[in-house]
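> Please find protein-v8.cif (mmCIF, C-alpha atoms and all ligand atoms) on the next line:
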```cif
data_entry
loop_
_atom_site.label_atom_id
_atom_site.label_comp_id
_atom_site.auth_asym_id
_atom_site.auth_seq_id
_atom_site.Cartn_x
_atom_site.Cartn_y
_atom_site.Cartn_z
CA MET A 31 111.14 95.36 71.12
CA TYR A 32 109.12 94.74 74.22
CA LYS A 33 107.56 91.61 75.58
CA GLU A 34 104.04 92.16 76.77
CA LYS A 35 103.68 89.13 78.94
CA LEU A 36 104.39 89.06 82.62
CA VAL A 37 106.11 86.16 84.33
CA SER A 38 105.72 84.98 87.90
CA ILE A 39 108.45 84.55 90.47
CA ASN A 40 108.33 81.25 92.33
CA GLU A 41 112.00 80.48 92.74
CA ASP A 42 113.71 79.97 96.05
CA PRO A 43 115.15 82.11 97.74
CA PHE A 44 112.30 84.50 96.97
CA ILE A 45 109.40 84.59 99.42
CA ILE A 46 106.13 85.86 98.03
CA ASP A 47 104.15 87.74 100.66
CA LEU A 48 102.34 90.58 98.96
CA MET A 49 101.16 93.16 101.45
CA TYR A 50 97.98 93.93 99.51
CA ALA A 51 97.04 90.26 99.59
CA ARG A 52 96.90 90.59 103.38
CA PRO A 53 94.58 92.73 105.52
CA ASP A 54 97.38 94.40 107.51
CA ASN A 55 98.25 97.06 104.94
CA MET A 56 97.20 100.70 104.96
CA THR A 57 93.85 99.98 103.31
CA GLY A 58 93.04 97.45 106.06
CA ARG A 59 91.77 95.08 103.36
CA PRO A 60 93.27 92.18 101.38
CA VAL A 61 92.63 94.04 98.14
CA TYR A 62 94.44 91.52 95.91
CA GLN A 63 92.34 88.69 97.34
CA GLU A 64 89.14 90.73 96.95
CA ILE A 65 89.70 91.15 93.22
CA GLY A 66 90.67 87.48 92.82
CA PHE A 67 94.34 88.12 92.11
CA GLY A 68 95.69 86.56 95.29
CA ASN A 69 99.28 86.35 96.44
CA GLN A 70 101.31 86.05 93.23
CA ALA A 71 104.41 87.96 92.21
CA TRP A 72 104.14 88.72 88.49
CA VAL A 73 106.70 90.99 86.87
CA HIS A 74 108.00 92.04 83.49
CA PRO A 75 110.37 89.34 82.11
CA GLU A 76 113.28 91.77 82.11
CA LEU A 77 112.73 92.51 85.80
CA LYS A 78 112.58 88.82 86.65
CA GLU A 79 115.75 88.15 84.68
CA ARG A 80 117.55 90.74 86.79
CA LEU A 81 116.14 89.52 90.09
CA LEU A 82 117.27 85.97 89.36
CA LYS A 83 120.83 87.28 89.12
CA LEU A 84 120.65 87.87 92.86
CA ILE A 85 120.27 84.18 93.69
CA PRO A 86 124.01 83.35 94.05
CA LEU A 87 124.54 86.43 96.21
CA LEU A 88 121.55 85.64 98.42
CA GLN A 89 122.75 82.06 98.80
CA GLN A 90 126.23 83.23 99.64
CA LYS A 91 124.86 85.60 102.29
CA GLY A 92 122.44 82.99 103.60
CA LEU A 93 119.47 85.31 103.10
CA LYS A 94 116.11 85.23 101.38
CA MET A 95 114.34 88.08 99.62
CA LYS A 96 110.72 88.76 100.44
CA ILE A 97 108.66 90.31 97.67
CA CYS A 98 106.07 92.58 99.30
CA ASP A 99 104.60 93.96 96.09
CA ALA A 100 105.21 93.35 92.39
CA TYR A 101 102.71 93.69 89.54
CA ARG A 102 99.60 95.48 90.72
CA PRO A 103 96.45 94.96 88.64
CA PRO A 104 95.04 98.35 87.60
CA LEU A 105 91.73 97.23 89.13
CA ALA A 106 93.46 96.86 92.51
CA HIS A 107 95.01 100.29 92.13
CA THR A 108 91.59 101.81 91.48
CA LEU A 109 90.13 100.03 94.51
CA MET A 110 93.00 101.19 96.72
CA LYS A 111 92.41 104.78 95.58
CA GLU A 112 88.74 104.38 96.45
CA ILE A 113 89.51 103.11 99.96
CA ILE A 114 92.04 105.89 100.58
CA PRO A 115 91.09 108.80 98.34
CA PHE A 116 93.67 111.11 99.87
CA PRO A 117 96.11 112.37 97.20
CA GLY A 118 99.71 111.31 97.67
CA PHE A 119 99.21 107.84 99.13
CA PHE A 120 99.04 106.06 95.79
CA ALA A 121 100.04 107.14 92.30
CA ALA A 122 97.39 109.42 90.79
CA ASN A 123 96.30 106.68 88.41
CA ALA A 124 97.37 103.19 87.48
CA GLU A 125 99.26 104.54 84.44
CA ARG A 126 101.57 106.41 86.80
CA SER A 127 102.36 103.41 88.99
CA GLN A 128 105.29 101.28 87.88
CA HIS A 129 103.73 98.42 89.80
CA CYS A 130 100.86 98.44 87.28
CA HIS A 131 103.41 98.09 84.46
CA GLY A 132 105.02 95.10 86.17
CA THR A 133 108.29 97.01 86.31
CA ALA A 134 108.62 97.62 90.07
CA VAL A 135 109.06 95.51 93.18
CA ASP A 136 108.93 96.23 96.90
CA VAL A 137 111.46 94.00 98.65
CA ILE A 138 113.21 93.25 101.92
CA LEU A 139 115.74 90.68 103.02
CA THR A 140 114.94 87.97 105.53
CA THR A 141 116.71 85.18 107.38
CA PRO A 142 116.40 81.67 105.86
CA ASP A 143 113.32 81.02 108.03
CA GLY A 144 111.66 84.19 106.79
CA ARG A 145 112.27 86.57 109.68
CA GLU A 146 112.61 90.10 108.35
CA LEU A 147 115.91 91.89 108.91
CA ALA A 148 115.66 95.20 110.77
CA TYR A 149 114.87 98.28 108.68
CA PRO A 150 114.15 101.91 109.61
CA THR A 151 110.41 101.39 108.92
CA LYS A 152 108.05 98.63 107.94
CA VAL A 153 107.62 98.27 104.20
CA ASP A 154 104.99 100.80 103.19
CA GLY A 155 104.32 101.23 106.92
CA TYR A 156 101.40 103.56 106.37
CA ASP A 157 98.99 101.52 108.45
CA PRO A 158 95.22 102.09 108.46
CA LEU A 159 95.50 104.31 111.55
CA LEU A 160 98.06 106.55 109.89
CA ALA A 161 95.94 106.69 106.75
CA LYS A 162 92.91 107.78 108.82
CA GLU A 163 94.93 110.39 110.69
CA VAL A 164 96.12 111.95 107.46
CA GLN A 165 92.65 112.04 105.98
CA SER A 166 91.46 113.93 109.06
CA GLY A 167 94.33 116.39 108.79
CA GLN A 168 96.63 115.04 111.52
CA MET A 169 99.99 114.97 109.80
CA GLU A 170 102.45 114.60 112.67
CA ASN A 171 102.93 110.81 112.76
CA PHE A 172 102.72 110.64 108.98
CA MET A 173 105.52 113.18 108.56
CA LYS A 174 107.66 111.27 111.07
CA HIS A 175 107.11 108.06 109.13
CA LEU A 176 107.79 109.75 105.81
CA LYS A 177 111.14 111.00 107.06
CA LYS A 178 112.23 107.52 108.16
CA ALA A 179 110.99 105.91 104.95
CA ALA A 180 113.36 108.05 102.87
CA ARG A 181 116.27 106.04 101.49
CA ASP A 182 118.77 108.66 102.72
CA TYR A 183 117.37 108.94 106.26
CA THR A 184 120.17 108.97 108.83
CA SER A 185 120.11 108.86 112.60
CA ASP A 186 122.62 109.01 115.44
CA ASP A 187 120.46 106.58 117.42
CA PRO A 188 122.63 103.45 117.84
CA ALA A 189 119.44 101.37 117.97
CA LEU A 190 118.89 102.20 114.29
CA ALA A 191 122.42 101.55 113.07
CA ALA A 192 121.77 97.96 111.97
CA ALA A 193 118.48 98.93 110.31
CA ILE A 194 120.15 101.65 108.29
CA GLN A 195 122.99 99.35 107.31
CA ASN A 196 120.51 96.69 106.15
CA ARG A 197 118.65 99.28 104.10
CA ASP A 198 121.85 100.47 102.43
CA GLU A 199 122.95 96.90 101.68
CA LEU A 200 119.60 96.19 100.07
CA ARG A 201 119.98 99.23 97.87
CA LEU A 202 123.49 98.23 96.78
CA MET A 203 122.24 94.76 95.97
CA MET A 204 119.37 96.05 93.85
CA GLU A 205 121.55 98.62 92.09
CA SER A 206 124.04 95.86 91.26
CA ILE A 207 121.39 94.33 88.97
CA GLY A 208 120.62 97.70 87.39
CA LEU A 209 117.44 98.58 89.27
CA GLU A 210 116.78 102.08 90.58
CA GLY A 211 115.47 103.01 93.98
CA ILE A 212 113.35 106.06 94.65
CA PRO A 213 114.03 108.80 97.23
CA LEU A 214 110.94 108.40 99.44
CA GLU A 215 110.54 104.62 99.79
CA TRP A 216 113.64 102.64 100.69
CA TRP A 217 111.89 99.33 99.77
CA HIS A 218 110.78 100.23 96.21
CA PHE A 219 112.90 99.46 93.11
CA ASP A 220 112.14 100.18 89.47
CA LEU A 221 113.30 98.83 86.17
CA PRO A 222 114.79 102.00 84.59
CA GLY A 223 112.30 103.64 82.25
CA GLY A 224 109.63 101.17 83.35
CA ARG A 225 106.76 103.55 82.75
CA SER A 226 107.71 104.19 79.16
CA GLU A 227 105.88 103.02 76.07
CA ALA A 228 108.26 100.07 75.89
CA TYR A 229 106.64 98.71 79.04
CA PRO A 230 102.90 99.06 78.48
CA MET A 231 100.51 98.87 81.36
CA ILE A 232 99.25 95.31 81.32
CA ASP A 233 95.78 94.38 82.40
CA PHE A 234 95.59 90.92 83.77
ZN ZN B 301 106.47 100.03 95.46
#
```
As structure tokens - that is how I would like this structure written.
Ligand SMILES: [Zn+2]

Amino acid sequence: MYKEKLVSINEDPFIIDLMYARPDNMTGRPVYQEIGFGNQAWVHPELKERLLKLIPLLQQKGLKMKICDAYRPPLAHTLMKEIIPFPGFFAANAERSQHCHGTAVDVILTTPDGRELAYPTKVDGYDPLLAKEVQSGQMENFMKHLKKAARDYTSDDPALAAAIQNRDELRLMMESIGLEGIPLEWWHFDLPGGRSEAYPMIDF
């Protein structure tokens, strides 16, 4: 039996800072603000239940977890696709995006005062410039970014050692509560089966 309602995350040590509520994401627009959704982390109850299990571990490590995306209103997804119509940047339709089902989160760890730990890339670091380059057929920087955004990216560069270690620790932490990462975005974690009929797409 599924629960249709979403619940919001407000508990410490979670920091809510949704990238699409800010203008410095790849669309260059605060899409979530534009549609009146704002900066709120709503998720499926089962996903929240699992995330809350991280609290003792986060406290023990003296870290906070920043939520950079959670539930994405289908309207926002449509608007994002309109701003960047290039295929491959966003799921083909809202149905295909686990964010629109409330069953995915984009997360990173921060220090207690909210400074982000080092990672191989920024979360969803496809900035507006990169998005424009791709749409005009310049793929070089995009491909470089894509490679580093992969969860299995490795490098001999000692400057990246800590970033890679932080990324791997994040993954272990999220897998310990039964969430699944995806190969191409080290920051994205899904509730298993979260696009199935048991987790309907919820319009807000
Ligand atoms: Zn995501």
> Could you name the residues that touch range 121-126 of chain A at 10 Å or less, counting all atoms listed in the file, but leaving out those on the same chain fewer than 4 positions away, as a list in words?
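Here the answer would be Arg102, Pro103, Pro104, Leu105, Ala106, His107, Thr108, Lys111, Pro115, Phe116, Pro117, Cys130, His131, Arg225, Ser226, Pro230, Met231 and Ile232 of chain A.
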> Near Glu41 in chain A, within 10 Å and counting only C-alpha atoms, which residues show up once chain neighbours fewer than 4 positions away are dropped, as an MDAnalysis selection string?
chainID A and resid 45:46 82 85
> Nearest residue to Phe119 in chain A out of A:Asp182, A:Glu215, A:Asp220, A:Asp198, using all atoms listed in the file?
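Among A:Asp182, A:Glu215, A:Asp220, A:Asp198, it is A:Glu215 that comes nearest to Phe119 in chain A.
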> Given a cut-off of 12 Å, what residues near ligand ZN 301 (chain B) show up using all atoms listed in the file, put as a VMD selection string?
chain A and resid 48 to 50 97 to 102 107 119 to 121 126 to 138 153 to 155 210 to 221
> Residues within 10 Å of Gly144 in chain A, please, as a PDB file with C-alpha atoms, keeping the file's coordinate frame. Count all atoms listed in the file; anything in the same chain fewer than 5 positions from it doesn't count.

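File out.pdb, as written:
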```pdb
ATOM      1  CA  PRO A  43     115.150  82.110  97.740  1.00  0.00           C
ATOM      2  CA  PHE A  44     112.300  84.500  96.970  1.00  0.00           C
ATOM      3  CA  ILE A  45     109.400  84.590  99.420  1.00  0.00           C
ATOM      4  CA  LEU A  93     119.470  85.310 103.100  1.00  0.00           C
ATOM      5  CA  LYS A  94     116.110  85.230 101.380  1.00  0.00           C
ATOM      6  CA  MET A  95     114.340  88.080  99.620  1.00  0.00           C
ATOM      7  CA  LYS A  96     110.720  88.760 100.440  1.00  0.00           C
ATOM      8  CA  LEU A 139     115.740  90.680 103.020  1.00  0.00           C
TER       9      LEU A 139
END
```
> Just give me the gap between CA of Leu159 in chain A and CA of Val61 in chain A in Å, one decimal is fine.
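Spanning CA of Leu159 in chain A to CA of Val61 in chain A is a straight-line distance of 17.1 Å.
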> Nearest to Arg52 in chain A: which of A:Glu199, A:Phe67, A:Thr151, A:Ala161 is it, counting all atoms listed in the file?
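Nearest to Arg52 in chain A: A:Phe67.
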> Can you complete the atoms of range 84-112 of chain A to N, CA and C atoms and list them as a PDB file, keeping the file's coordinate frame?

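The resulting file, part_18.pdb, is shown below:
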```
ATOM      1  N   LEU A  84     120.316  87.700  91.441  1.00  0.00           N
ATOM      2  CA  LEU A  84     120.650  87.870  92.860  1.00  0.00           C
ATOM      3  C   LEU A  84     120.799  86.534  93.586  1.00  0.00           C
ATOM      4  N   ILE A  85     120.334  85.467  92.958  1.00  0.00           N
ATOM      5  CA  ILE A  85     120.270  84.180  93.690  1.00  0.00           C
ATOM      6  C   ILE A  85     121.630  83.754  94.260  1.00  0.00           C
ATOM      7  N   PRO A  86     122.729  83.774  93.459  1.00  0.00           N
ATOM      8  CA  PRO A  86     124.010  83.350  94.050  1.00  0.00           C
ATOM      9  C   PRO A  86     124.415  84.217  95.241  1.00  0.00           C
ATOM     10  N   LEU A  87     124.178  85.516  95.127  1.00  0.00           N
ATOM     11  CA  LEU A  87     124.540  86.430  96.210  1.00  0.00           C
ATOM     12  C   LEU A  87     123.713  86.159  97.469  1.00  0.00           C
ATOM     13  N   LEU A  88     122.417  85.932  97.270  1.00  0.00           N
ATOM     14  CA  LEU A  88     121.550  85.640  98.420  1.00  0.00           C
ATOM     15  C   LEU A  88     121.979  84.335  99.084  1.00  0.00           C
ATOM     16  N   GLN A  89     122.308  83.356  98.253  1.00  0.00           N
ATOM     17  CA  GLN A  89     122.750  82.060  98.800  1.00  0.00           C
ATOM     18  C   GLN A  89     124.048  82.218  99.577  1.00  0.00           C
ATOM     19  N   GLN A  90     124.938  83.008  99.006  1.00  0.00           N
ATOM     20  CA  GLN A  90     126.230  83.230  99.640  1.00  0.00           C
ATOM     21  C   GLN A  90     126.049  83.939 100.991  1.00  0.00           C
ATOM     22  N   LYS A  91     125.105  84.868 101.047  1.00  0.00           N
ATOM     23  CA  LYS A  91     124.860  85.600 102.290  1.00  0.00           C
ATOM     24  C   LYS A  91     123.937  84.838 103.240  1.00  0.00           C
ATOM     25  N   GLY A  92     123.354  83.749 102.759  1.00  0.00           N
ATOM     26  CA  GLY A  92     122.440  82.990 103.600  1.00  0.00           C
ATOM     27  C   GLY A  92     121.162  83.765 103.899  1.00  0.00           C
ATOM     28  N   LEU A  93     120.673  84.498 102.893  1.00  0.00           N
ATOM     29  CA  LEU A  93     119.470  85.310 103.100  1.00  0.00           C
ATOM     30  C   LEU A  93     118.409  84.956 102.061  1.00  0.00           C
ATOM     31  N   LYS A  94     117.174  85.325 102.369  1.00  0.00           N
ATOM     32  CA  LYS A  94     116.110  85.230 101.380  1.00  0.00           C
ATOM     33  C   LYS A  94     115.597  86.634 101.084  1.00  0.00           C
ATOM     34  N   MET A  95     114.917  86.782  99.962  1.00  0.00           N
ATOM     35  CA  MET A  95     114.340  88.080  99.620  1.00  0.00           C
ATOM     36  C   MET A  95     112.831  87.950  99.592  1.00  0.00           C
ATOM     37  N   LYS A  96     112.187  88.778 100.417  1.00  0.00           N
ATOM     38  CA  LYS A  96     110.720  88.760 100.440  1.00  0.00           C
ATOM     39  C   LYS A  96     110.184  89.812  99.472  1.00  0.00           C
ATOM     40  N   ILE A  97     109.296  89.385  98.596  1.00  0.00           N
ATOM     41  CA  ILE A  97     108.660  90.310  97.670  1.00  0.00           C
ATOM     42  C   ILE A  97     107.334  90.751  98.273  1.00  0.00           C
ATOM     43  N   CYS A  98     107.245  92.035  98.597  1.00  0.00           N
ATOM     44  CA  CYS A  98     106.070  92.580  99.300  1.00  0.00           C
ATOM     45  C   CYS A  98     105.078  93.224  98.344  1.00  0.00           C
ATOM     46  N   ASP A  99     105.518  93.549  97.137  1.00  0.00           N
ATOM     47  CA  ASP A  99     104.600  93.960  96.090  1.00  0.00           C
ATOM     48  C   ASP A  99     105.335  93.826  94.762  1.00  0.00           C
ATOM     49  N   ALA A 100     104.609  93.492  93.716  1.00  0.00           N
ATOM     50  CA  ALA A 100     105.210  93.350  92.390  1.00  0.00           C
ATOM     51  C   ALA A 100     104.195  93.969  91.417  1.00  0.00           C
ATOM     52  N   TYR A 101     103.746  93.169  90.445  1.00  0.00           N
ATOM     53  CA  TYR A 101     102.710  93.690  89.540  1.00  0.00           C
ATOM     54  C   TYR A 101     101.426  93.962  90.325  1.00  0.00           C
ATOM     55  N   ARG A 102     100.861  95.116  90.076  1.00  0.00           N
ATOM     56  CA  ARG A 102      99.600  95.480  90.720  1.00  0.00           C
ATOM     57  C   ARG A 102      98.532  95.637  89.643  1.00  0.00           C
ATOM     58  N   PRO A 103      97.499  94.809  89.657  1.00  0.00           N
ATOM     59  CA  PRO A 103      96.450  94.960  88.640  1.00  0.00           C
ATOM     60  C   PRO A 103      95.849  96.372  88.721  1.00  0.00           C
ATOM     61  N   PRO A 104      95.647  97.014  87.585  1.00  0.00           N
ATOM     62  CA  PRO A 104      95.040  98.350  87.600  1.00  0.00           C
ATOM     63  C   PRO A 104      93.733  98.385  88.396  1.00  0.00           C
ATOM     64  N   LEU A 105      92.983  97.295  88.368  1.00  0.00           N
ATOM     65  CA  LEU A 105      91.730  97.230  89.130  1.00  0.00           C
ATOM     66  C   LEU A 105      92.012  97.379  90.639  1.00  0.00           C
ATOM     67  N   ALA A 106      93.091  96.748  91.095  1.00  0.00           N
ATOM     68  CA  ALA A 106      93.460  96.860  92.510  1.00  0.00           C
ATOM     69  C   ALA A 106      93.854  98.288  92.833  1.00  0.00           C
ATOM     70  N   HIS A 107      94.590  98.903  91.912  1.00  0.00           N
ATOM     71  CA  HIS A 107      95.010 100.290  92.130  1.00  0.00           C
ATOM     72  C   HIS A 107      93.790 101.197  92.285  1.00  0.00           C
ATOM     73  N   THR A 108      92.809 101.006  91.421  1.00  0.00           N
ATOM     74  CA  THR A 108      91.590 101.810  91.480  1.00  0.00           C
ATOM     75  C   THR A 108      90.870 101.588  92.807  1.00  0.00           C
ATOM     76  N   LEU A 109      90.791 100.338  93.246  1.00  0.00           N
ATOM     77  CA  LEU A 109      90.130 100.030  94.510  1.00  0.00           C
ATOM     78  C   LEU A 109      90.882 100.656  95.691  1.00  0.00           C
ATOM     79  N   MET A 110      92.194 100.600  95.654  1.00  0.00           N
ATOM     80  CA  MET A 110      93.000 101.190  96.720  1.00  0.00           C
ATOM     81  C   MET A 110      92.777 102.701  96.791  1.00  0.00           C
ATOM     82  N   LYS A 111      92.676 103.332  95.631  1.00  0.00           N
ATOM     83  CA  LYS A 111      92.410 104.780  95.580  1.00  0.00           C
ATOM     84  C   LYS A 111      91.021 105.096  96.125  1.00  0.00           C
ATOM     85  N   GLU A 112      90.097 104.168  95.935  1.00  0.00           N
ATOM     86  CA  GLU A 112      88.740 104.380  96.450  1.00  0.00           C
ATOM     87  C   GLU A 112      88.718 104.268  97.976  1.00  0.00           C
TER      88      GLU A 112
END
```
